[in-house]
file data08.cif (mmCIF, C-alpha atoms)
data_work
loop_
_atom_site.label_atom_id
_atom_site.label_comp_id
_atom_site.auth_asym_id
_atom_site.auth_seq_id
_atom_site.Cartn_x
_atom_site.Cartn_y
_atom_site.Cartn_z
CA MET A 1 1.28 47.06 -14.36
CA PRO A 2 -1.61 44.99 -13.06
CA GLU A 3 -2.09 44.99 -9.33
CA ILE A 4 -1.32 41.35 -9.00
CA TYR A 5 2.23 41.76 -10.30
CA SER A 6 3.14 44.67 -8.03
CA ALA A 7 5.20 44.20 -4.88
CA ARG A 8 2.61 46.14 -2.86
CA ALA A 9 -0.14 43.83 -3.93
CA ARG A 10 2.06 40.87 -3.11
CA LYS A 11 2.72 42.29 0.34
CA ALA A 12 -0.96 43.03 0.88
CA ARG A 13 -1.85 39.49 -0.04
CA ARG A 14 0.69 38.02 2.35
CA PRO A 15 -1.15 36.90 5.52
CA THR A 16 -0.15 38.01 9.02
CA ALA A 17 2.12 35.91 11.22
CA MET A 18 -0.79 34.77 13.36
CA SER A 19 -2.93 33.55 10.54
CA HIS A 20 0.11 31.96 8.95
CA SER A 21 0.71 29.62 11.87
CA SER A 22 -2.73 28.09 11.59
CA GLN A 23 -2.42 27.28 7.92
CA SER A 24 -1.26 24.13 6.24
CA PRO A 25 2.26 23.95 4.68
CA GLN A 26 0.68 23.60 1.21
CA LYS A 27 -1.28 26.77 1.75
CA LYS A 28 1.78 28.59 3.06
CA GLU A 29 3.77 27.42 0.06
CA ALA A 30 1.08 28.58 -2.34
CA GLU A 31 0.92 32.00 -0.75
CA SER A 32 4.62 32.60 -0.26
CA SER A 33 5.55 31.80 -3.88
CA SER A 34 7.15 34.59 -5.83
CA SER A 35 5.97 33.83 -9.37
CA PRO A 36 2.93 35.84 -10.50
CA HIS A 37 1.19 32.72 -11.73
CA GLU A 38 1.73 30.98 -8.43
CA LEU A 39 0.31 34.03 -6.67
CA GLU A 40 -2.86 33.50 -8.59
CA HIS A 41 -2.98 29.83 -7.74
CA ARG A 42 -5.65 29.31 -5.15
CA HIS A 43 -5.44 26.92 -2.25
CA VAL A 44 -8.01 24.15 -2.34
CA ASP A 45 -9.74 25.52 0.78
CA GLN A 46 -10.54 28.65 -1.19
CA TYR A 47 -12.68 26.92 -3.77
CA SER A 48 -13.70 23.58 -2.31
CA LEU A 49 -16.44 23.34 0.28
CA VAL A 50 -15.53 19.71 0.89
CA MET A 51 -11.90 20.45 1.69
CA LYS A 52 -12.75 23.53 3.70
CA ARG A 53 -14.52 21.28 6.19
CA GLU A 54 -11.74 18.71 6.33
CA HIS A 55 -8.77 18.73 8.66
CA GLU A 56 -5.27 17.82 7.58
CA GLY A 57 -4.71 14.09 7.37
CA ARG A 58 -1.83 13.10 9.62
CA ASN A 59 -2.38 9.36 9.87
CA PRO A 60 -0.40 7.62 7.10
CA PHE A 61 -2.59 4.52 7.42
CA SER A 62 -5.86 6.35 6.94
CA ALA A 63 -8.09 5.29 4.05
CA TYR A 64 -9.35 8.85 3.59
CA SER A 65 -6.62 11.42 4.04
CA PRO A 66 -7.50 14.99 3.08
CA LYS A 67 -4.67 17.47 2.51
CA PRO A 68 -2.14 14.89 3.73
CA ARG A 69 1.04 16.35 5.16
CA HIS A 70 3.78 13.94 4.20
CA VAL A 71 2.36 12.33 1.10
CA ARG A 72 4.11 12.54 -2.25
CA PHE A 73 4.17 10.33 -5.30
CA GLU A 74 6.73 9.52 -7.96
CA THR A 75 5.39 11.59 -10.83
CA GLN A 76 4.29 14.58 -8.77
CA SER A 77 5.45 17.93 -10.08
CA ASP A 78 6.81 20.66 -7.82
CA ARG A 79 3.75 22.86 -8.09
CA GLU A 80 1.25 20.07 -7.71
CA HIS A 81 -0.40 19.53 -4.34
CA VAL A 82 -1.97 16.36 -3.05
CA ILE A 83 -5.53 17.14 -2.02
CA LEU A 84 -6.81 13.71 -1.14
CA ALA A 85 -5.17 10.30 -0.71
CA LEU A 86 -7.53 7.36 -0.78
CA ARG A 87 -7.41 3.66 -0.08
CA ARG A 88 -10.04 1.00 0.22
CA HIS A 89 -12.08 1.18 3.40
CA PRO A 90 -10.32 -0.68 6.26
CA ILE A 91 -13.29 -3.06 6.55
CA THR A 92 -12.31 -4.51 3.15
CA ASN A 93 -9.30 -6.03 4.93
CA LEU A 94 -11.62 -8.23 6.98
CA PRO A 95 -11.47 -11.29 4.64
CA TRP A 96 -7.69 -11.67 4.81
CA ILE A 97 -7.70 -10.93 8.56
CA LEU A 98 -10.23 -13.73 9.09
CA ILE A 99 -8.23 -16.09 6.85
CA ALA A 100 -5.09 -15.32 8.86
CA LEU A 101 -6.97 -15.97 12.11
CA VAL A 102 -8.27 -19.33 10.88
CA MET A 103 -4.80 -20.23 9.59
CA SER A 104 -3.26 -19.37 12.96
CA LEU A 105 -5.63 -21.81 14.67
CA ALA A 106 -4.69 -24.67 12.34
CA PRO A 107 -1.71 -25.94 14.43
CA LEU A 108 -4.16 -26.68 17.24
CA LEU A 109 -5.86 -29.17 14.92
CA LEU A 110 -2.54 -30.99 14.61
CA GLN A 111 -3.07 -32.26 18.15
CA LEU A 112 -6.34 -33.89 17.10
CA ILE A 113 -4.80 -35.88 14.25
CA PRO A 114 -3.57 -39.30 15.46
CA VAL A 115 -0.77 -39.42 12.84
CA ALA A 116 0.72 -36.29 14.38
CA ASN A 117 1.80 -38.31 17.44
CA ILE A 118 4.48 -40.14 15.47
CA ILE A 119 6.10 -36.85 14.38
CA PRO A 120 9.12 -36.06 16.58
CA ALA A 121 8.75 -32.96 18.76
CA ARG A 122 11.63 -31.10 17.08
CA VAL A 123 10.04 -31.61 13.65
CA GLU A 124 6.69 -30.47 14.99
CA VAL A 125 8.28 -27.29 16.34
CA VAL A 126 9.85 -26.49 12.97
CA ILE A 127 6.58 -27.19 11.11
CA VAL A 128 4.59 -24.95 13.48
CA ILE A 129 7.13 -22.11 13.32
CA GLY A 130 7.26 -22.40 9.52
CA TRP A 131 3.47 -22.28 9.39
CA TYR A 132 3.34 -19.11 11.49
CA LEU A 133 6.05 -17.56 9.33
CA LEU A 134 3.87 -18.30 6.31
CA ILE A 135 0.95 -16.55 8.04
CA VAL A 136 3.12 -13.53 8.81
CA GLY A 137 4.14 -13.41 5.13
CA TYR A 138 0.50 -13.61 4.06
CA ILE A 139 -0.49 -10.81 6.47
CA LEU A 140 2.42 -8.62 5.36
CA GLU A 141 1.68 -9.13 1.69
CA SER A 142 -2.05 -8.47 2.14
CA PHE A 143 -1.37 -5.36 4.19
CA LEU A 144 1.16 -3.98 1.69
CA SER A 145 -1.29 -4.64 -1.11
CA TRP A 146 -3.91 -2.57 0.72
CA PHE A 147 -1.47 0.14 1.75
CA PHE A 148 0.05 0.75 -1.67
CA ASN A 149 -3.14 0.53 -3.72
CA VAL A 150 -3.82 4.22 -3.62
CA ASN A 151 -5.94 6.74 -5.44
CA ILE A 152 -4.64 10.28 -5.28
CA ILE A 153 -6.43 13.47 -6.16
CA THR A 154 -4.21 16.48 -6.69
CA ASP A 155 -5.12 20.00 -7.78
CA GLU A 156 -4.03 19.02 -11.30
CA ARG A 157 -5.01 15.40 -11.85
CA ILE A 158 -6.20 12.10 -10.50
CA VAL A 159 -3.69 9.31 -10.03
CA ASP A 160 -4.33 5.61 -9.62
CA ILE A 161 -1.47 3.54 -8.17
CA ASP A 162 -2.10 -0.18 -8.43
CA PHE A 163 0.05 -2.68 -6.63
CA HIS A 164 -1.30 -5.94 -8.03
CA SER A 165 1.24 -8.34 -6.63
CA LEU A 166 4.81 -8.40 -5.41
CA ILE A 167 6.18 -7.93 -8.89
CA SER A 168 3.72 -5.71 -10.71
CA LYS A 169 2.63 -2.12 -10.31
CA ARG A 170 0.69 0.25 -12.53
CA ILE A 171 0.40 4.01 -12.28
CA SER A 172 -2.17 5.81 -14.37
CA SER A 173 -3.24 9.41 -14.24
CA ALA A 174 -5.60 11.82 -15.93
CA LYS A 175 -5.69 15.58 -15.85
CA ILE A 176 -8.67 17.20 -14.19
CA ASP A 177 -9.35 18.97 -17.52
CA ASN A 178 -9.84 15.58 -19.15
CA ILE A 179 -12.50 14.39 -16.74
CA GLU A 180 -15.79 14.01 -18.53
CA ASP A 181 -18.02 12.36 -16.01
CA VAL A 182 -17.89 11.51 -12.32
CA SER A 183 -20.24 9.16 -10.55
CA GLY A 184 -20.29 7.48 -7.17
CA GLU A 185 -22.17 4.42 -6.02
CA THR A 186 -22.77 2.86 -2.65
CA VAL A 187 -24.27 -0.59 -3.07
CA GLY A 188 -24.96 -3.04 -0.28
CA PHE A 189 -25.76 -3.10 3.38
CA LEU A 190 -22.21 -2.82 4.73
CA ARG A 191 -21.29 -0.04 2.30
CA SER A 192 -24.37 1.97 3.23
CA ILE A 193 -23.77 1.54 6.95
CA LEU A 194 -20.07 2.39 6.82
CA ASN A 195 -20.40 4.92 4.00
CA PHE A 196 -17.98 3.62 1.44
CA GLY A 197 -18.36 2.83 -2.23
CA THR A 198 -16.95 3.16 -5.69
CA VAL A 199 -16.29 6.36 -7.57
CA VAL A 200 -16.12 6.03 -11.35
CA VAL A 201 -14.36 8.76 -13.31
CA GLN A 202 -14.72 8.82 -17.10
CA THR A 203 -11.92 10.66 -18.85
CA ALA A 204 -10.96 11.70 -22.34
CA GLY A 205 -7.39 10.56 -21.76
CA GLU A 206 -5.60 7.33 -22.57
CA THR A 207 -7.11 5.58 -19.58
CA LYS A 208 -10.80 5.92 -20.26
CA GLU A 209 -12.07 5.02 -16.85
CA PHE A 210 -10.76 5.35 -13.33
CA GLU A 211 -12.33 3.39 -10.54
CA PHE A 212 -11.75 4.31 -6.93
CA ILE A 213 -13.01 1.06 -5.49
CA ASP A 214 -14.53 0.85 -2.00
CA VAL A 215 -13.25 4.26 -0.92
CA PRO A 216 -14.74 6.06 2.10
CA HIS A 217 -17.16 8.97 1.55
CA PRO A 218 -17.77 8.56 -2.21
CA ASP A 219 -20.25 11.46 -2.12
CA ARG A 220 -17.59 13.86 -0.87
CA ILE A 221 -15.13 12.62 -3.50
CA VAL A 222 -17.63 13.20 -6.30
CA GLN A 223 -18.33 16.69 -4.97
CA LEU A 224 -14.62 17.45 -4.67
CA LEU A 225 -13.92 16.31 -8.22
CA ASN A 226 -16.75 18.50 -9.48
CA GLU A 227 -15.30 21.44 -7.57
CA LEU A 228 -11.87 20.75 -9.07
CA ILE A 229 -13.35 20.61 -12.58
CA LEU A 230 -15.06 23.95 -11.98
CA GLU A 231 -11.84 25.45 -10.65
CA GLU A 232 -9.91 24.25 -13.70
CA GLU A 233 -12.52 25.86 -15.95
CA ARG A 234 -12.33 29.05 -13.89
CA GLU A 235 -8.54 29.05 -14.22
CA LYS A 236 -8.85 28.74 -17.98
CA LEU A 237 -11.42 31.53 -18.18
CA GLU A 238 -9.36 33.83 -16.00
CA GLY A 239 -6.19 32.97 -17.88
CA ARG A 240 -4.49 31.52 -14.84
CA VAL A 241 -1.92 28.92 -15.69
CA ASN A 242 -0.68 26.09 -13.46
CA MET B 1 31.08 -57.08 -9.46
CA PRO B 2 30.61 -53.45 -8.40
CA ASN B 3 26.96 -53.53 -9.55
CA ASP B 4 26.19 -56.48 -7.32
CA GLN B 5 27.83 -54.77 -4.36
CA PHE B 6 25.76 -51.65 -4.97
CA PHE B 7 22.48 -53.59 -5.20
CA ASN B 8 23.35 -55.62 -2.12
CA SER B 9 24.06 -52.54 -0.04
CA PHE B 10 20.96 -50.79 -1.44
CA PHE B 11 18.83 -53.84 -0.62
CA ALA B 12 20.31 -53.96 2.89
CA LEU B 13 19.52 -50.27 3.27
CA ILE B 14 15.88 -50.46 2.22
CA THR B 15 15.19 -53.56 4.29
CA ASN B 16 16.63 -52.03 7.46
CA PRO B 17 13.81 -49.96 9.06
CA ALA B 18 16.23 -47.78 11.03
CA GLU B 19 18.12 -46.86 7.88
CA VAL B 20 14.88 -46.15 6.01
CA GLN B 21 13.70 -43.91 8.80
CA ASN B 22 17.05 -42.13 8.85
CA ALA B 23 16.96 -41.57 5.08
CA PHE B 24 13.39 -40.30 5.35
CA TRP B 25 14.31 -37.67 7.94
CA VAL B 26 17.36 -36.58 5.95
CA GLY B 27 15.12 -36.14 2.90
CA PHE B 28 12.57 -34.31 5.04
CA LYS B 29 15.24 -31.99 6.43
CA ILE B 30 16.44 -31.14 2.91
CA LEU B 31 12.87 -30.41 1.81
CA VAL B 32 12.19 -28.20 4.83
CA LEU B 33 15.44 -26.28 4.32
CA LEU B 34 14.59 -25.80 0.64
CA ALA B 35 11.14 -24.50 1.59
CA PHE B 36 12.68 -22.00 4.02
CA LEU B 37 15.18 -20.92 1.34
CA LEU B 38 12.26 -20.25 -0.98
CA TYR B 39 10.64 -18.27 1.79
CA ILE B 40 13.78 -16.16 2.17
CA PHE B 41 13.53 -15.44 -1.56
CA PHE B 42 9.94 -14.25 -0.97
CA ALA B 43 11.06 -12.11 2.00
CA VAL B 44 13.77 -10.48 -0.15
CA ILE B 45 11.15 -9.65 -2.80
CA VAL B 46 8.98 -8.08 -0.08
CA VAL B 47 11.90 -5.87 1.01
CA ARG B 48 12.61 -4.92 -2.60
CA GLN B 49 8.96 -4.16 -3.22
CA VAL B 50 8.64 -1.99 -0.11
CA HIS B 51 11.63 0.02 -1.32
CA LEU B 52 10.18 0.35 -4.80
CA MET B 53 6.69 1.28 -3.64
CA SER B 54 8.05 3.73 -1.08
CA LYS B 55 9.64 5.59 -3.97
CA THR B 56 6.39 5.50 -5.91
CA PHE B 57 4.23 6.58 -3.01
CA VAL B 58 6.04 8.47 -0.26
CA THR B 59 4.48 8.62 3.20
CA SER B 60 5.67 9.05 6.75
CA ALA B 61 5.03 5.33 7.30
CA GLU B 62 7.98 4.44 5.07
CA PRO B 63 10.52 3.74 7.89
CA LEU B 64 8.01 1.56 9.73
CA LEU B 65 7.21 -0.48 6.62
CA LYS B 66 10.90 -0.94 5.85
CA LEU B 67 11.50 -2.03 9.43
CA LEU B 68 8.67 -4.57 9.11
CA ALA B 69 10.02 -5.93 5.83
CA TYR B 70 13.59 -6.25 7.17
CA THR B 71 12.40 -7.85 10.43
CA HIS B 72 10.44 -10.35 8.37
CA LEU B 73 13.55 -11.13 6.31
CA LEU B 74 15.62 -11.50 9.47
CA PHE B 75 13.07 -13.94 10.92
CA ALA B 76 13.12 -15.94 7.70
CA PHE B 77 16.91 -16.27 7.98
CA GLY B 78 16.63 -17.06 11.70
CA ILE B 79 14.14 -19.84 11.12
CA LEU B 80 16.24 -21.36 8.35
CA PHE B 81 19.17 -21.47 10.74
CA PHE B 82 16.96 -22.83 13.53
CA ALA B 83 15.60 -25.59 11.26
CA TYR B 84 19.14 -26.48 10.13
CA VAL B 85 20.29 -26.84 13.74
CA ILE B 86 17.26 -28.54 15.23
CA LEU B 87 16.47 -31.08 12.47
#

call {"tool": "encode", "arguments": {"input": "data08.cif", "output": "structure tokens"}}
result
Amino acid sequence: MPEIYSARARKARRPTAMSHSSQSPQKKEAESSSSPHELEHRHVDQYSLVMKREHEGRNPFSAYSPKPRHVRFETQSDREHVILALRRHPITNLPWILIALVMSLAPLLLQLIPVANIIPARVEVVIVIGWYLLIVGYILESFLSWFFNVNIITDERIVDIDFHSLISKRISSAKIDNIEDVSGETVGFLRSILNFGTVVVQTAGETKEFEFIDVPHPDRIVQLLNELILEEEREKLEGRVN
Amino acid sequence: MPNDQFFNSFFALITNPAEVQNAFWVGFKILVLLAFLLYIFFAVIVVRQVHLMSKTFVTSAEPLLKLLAYTHLLFAFGILFFAYVIL
């Protein structure tokens, strides 16, 4: 019997209580699994230099969330772990924030229009409240659009969740094995200063191209994807199955 | 004739400025209430969408987002009621 299947080997591989407490739940789960194949499954920190340096993402509103704790998605399988959850850089929200600010100042202009004087006060109150409600709706919709447009990298695949409008969503994914080319670009002054850009992933799957638009640290993402591709190849060579 | 009576009363209505003004504000009130009803429809879609997206992408922010969406819906109802009372 190979060493990896024996109970002794399993026990030897199990970390001590002290080291256990400092590890992430994903790592614990990977190491405490009973199946031989799962025993062979390595935690991302073991093969990725990028993830080794990153701390667990705890902020659900973060645009760059490595090894996020409470993140799951609809089509995630039980043995699949989310490595990185990405959104557009927060600065990309600036246009709608500015629009909302300008819109919120508009009722002040009402005082400057002479026609406004003939409007009864009660009507004016309703118009102003309705206007601010409209702004709140616009802010909420813009925020939700940013929040739910997510790119997810797991140890098995990349997932793109698009939330185009209130009534349309699109989820596409590609296995890491199917990735053919990964490139990242940071174009423009603001992107260079704040270090965000677009990562383009060419795949052999049904969706030919994945674009992680305006995501933070595109260089790290490219490096991570390359590390994941290498790990997948290593798994194949070593006969490890996930 | 009934037609003559109708035209006479209609003519009297449109030539009386107070009546015209009254009719205008009634029409305005109906339009405003309709607009707020449409807004409630939008707020319901937002709630529905937050539920749907929270199933698609699960995070710890889910309760907060649902609270936001429901508060927004509640405000939309509140303002419809407020407009109905005040106008």

call {"tool": "residues_around", "arguments": {"input": "data08.cif", "residues": "His89 in chain A", "least_positions_apart": "6", "cutoff": "6 Å", "atoms": "all atoms listed in the file", "output": "MDAnalysis selection string"}}
result
chainID A and resid 63 214:216

call {"tool": "closest_residue", "arguments": {"input": "data08.cif", "among": "A:Ile161, A:Ile221, A:Val136, A:Ile229", "to": "Lys175 in chain A", "atoms": "all atoms listed in the file"}}
result
A:Ile229

call {"tool": "resolve_selection", "arguments": {"input": "data08.cif", "expression": "the PyMOL selection byres ((chain B) within 6 of (chain A))", "output": "PDB file with C-alpha atoms, in the coordinates of the input"}}
result
ATOM      1  CA  THR B  56       6.390   5.500  -5.910  1.00  0.00           C
ATOM      2  CA  PHE B  57       4.230   6.580  -3.010  1.00  0.00           C
ATOM      3  CA  VAL B  58       6.040   8.470  -0.260  1.00  0.00           C
ATOM      4  CA  THR B  59       4.480   8.620   3.200  1.00  0.00           C
ATOM      5  CA  SER B  60       5.670   9.050   6.750  1.00  0.00           C
ATOM      6  CA  ALA B  61       5.030   5.330   7.300  1.00  0.00           C
TER       7      ALA B  61
END

call {"tool": "resolve_selection", "arguments": {"input": "data08.cif", "expression": "the PyMOL selection byres ((chain B and resi 23-32) around 10)", "output": "ChimeraX atom specification"}}
result
/A:123,126-127,130 /B:13-14,17-22,33-38,80,83-84,86-87

call {"tool": "closest_residue", "arguments": {"input": "data08.cif", "among": "B:Met53, B:Val85, B:Val44, B:Leu65", "to": "His164 in chain A", "atoms": "all atoms listed in the file"}}
result
B:Met53

call {"tool": "closest_residue", "arguments": {"input": "data08.cif", "among": "A:Thr203, A:Asp177, A:Leu190, A:Ser183", "to": "Asp219 in chain A", "atoms": "only C-alpha atoms"}}
result
A:Ser183

call {"tool": "resolve_selection", "arguments": {"input": "data08.cif", "expression": "the PyMOL selection byres ((chain B and resi 43) around 10)", "output": "list in words"}}
result
Gly137, Leu140 and Glu141 of chain A; Leu37, Leu38, Tyr39, Ile40, Phe41, Phe42, Val44, Ile45, Val46, Val47, Arg48, Gln49, Ala69, Tyr70, Thr71, His72, Leu73, Leu74, Phe75, Ala76 and Phe77 of chain B

call {"tool": "atom_distance", "arguments": {"input": "data08.cif", "atom1": "CA of Ile153 in chain A", "atom2": "CA of Leu86 in chain A"}}
result
8.2 Å

call {"tool": "atom_distance", "arguments": {"input": "data08.cif", "atom1": "CA of Val201 in chain A", "atom2": "CA of Ser172 in chain A"}}
result
12.6 Å

call {"tool": "build_atoms", "arguments": {"input": "data08.cif", "residues": "range 18-29 of chain B", "atoms": "N, CA and C atoms", "output": "CSV table (one decimal), in the frame of the given file"}}
result
chain,number,residue,atom,x,y,z
B,18,ALA,N,15.5,-48.9,10.4
B,18,ALA,CA,16.2,-47.8,11.0
B,18,ALA,C,16.9,-46.9,10.0
B,19,GLU,N,17.5,-47.6,9.0
B,19,GLU,CA,18.1,-46.9,7.9
B,19,GLU,C,17.1,-46.1,7.0
B,20,VAL,N,16.0,-46.8,6.8
B,20,VAL,CA,14.9,-46.2,6.0
B,20,VAL,C,14.4,-44.9,6.7
B,21,GLN,N,14.2,-45.1,8.0
B,21,GLN,CA,13.7,-43.9,8.8
B,21,GLN,C,14.7,-42.7,8.8
B,22,ASN,N,16.0,-43.1,8.9
B,22,ASN,CA,17.0,-42.1,8.8
B,22,ASN,C,17.1,-41.4,7.5
B,23,ALA,N,17.0,-42.2,6.4
B,23,ALA,CA,17.0,-41.6,5.1
B,23,ALA,C,15.7,-40.7,4.9
B,24,PHE,N,14.6,-41.1,5.5
B,24,PHE,CA,13.4,-40.3,5.4
B,24,PHE,C,13.6,-38.9,6.0
B,25,TRP,N,14.2,-38.9,7.2
B,25,TRP,CA,14.3,-37.7,7.9
B,25,TRP,C,15.4,-36.8,7.3
B,26,VAL,N,16.4,-37.4,6.7
B,26,VAL,CA,17.4,-36.6,6.0
B,26,VAL,C,16.7,-35.9,4.8
B,27,GLY,N,15.9,-36.7,4.0
B,27,GLY,CA,15.1,-36.1,2.9
B,27,GLY,C,14.2,-35.0,3.4
B,28,PHE,N,13.5,-35.3,4.5
B,28,PHE,CA,12.6,-34.3,5.0
B,28,PHE,C,13.3,-33.0,5.4
B,29,LYS,N,14.5,-33.2,6.0
B,29,LYS,CA,15.2,-32.0,6.4
B,29,LYS,C,15.6,-31.2,5.2
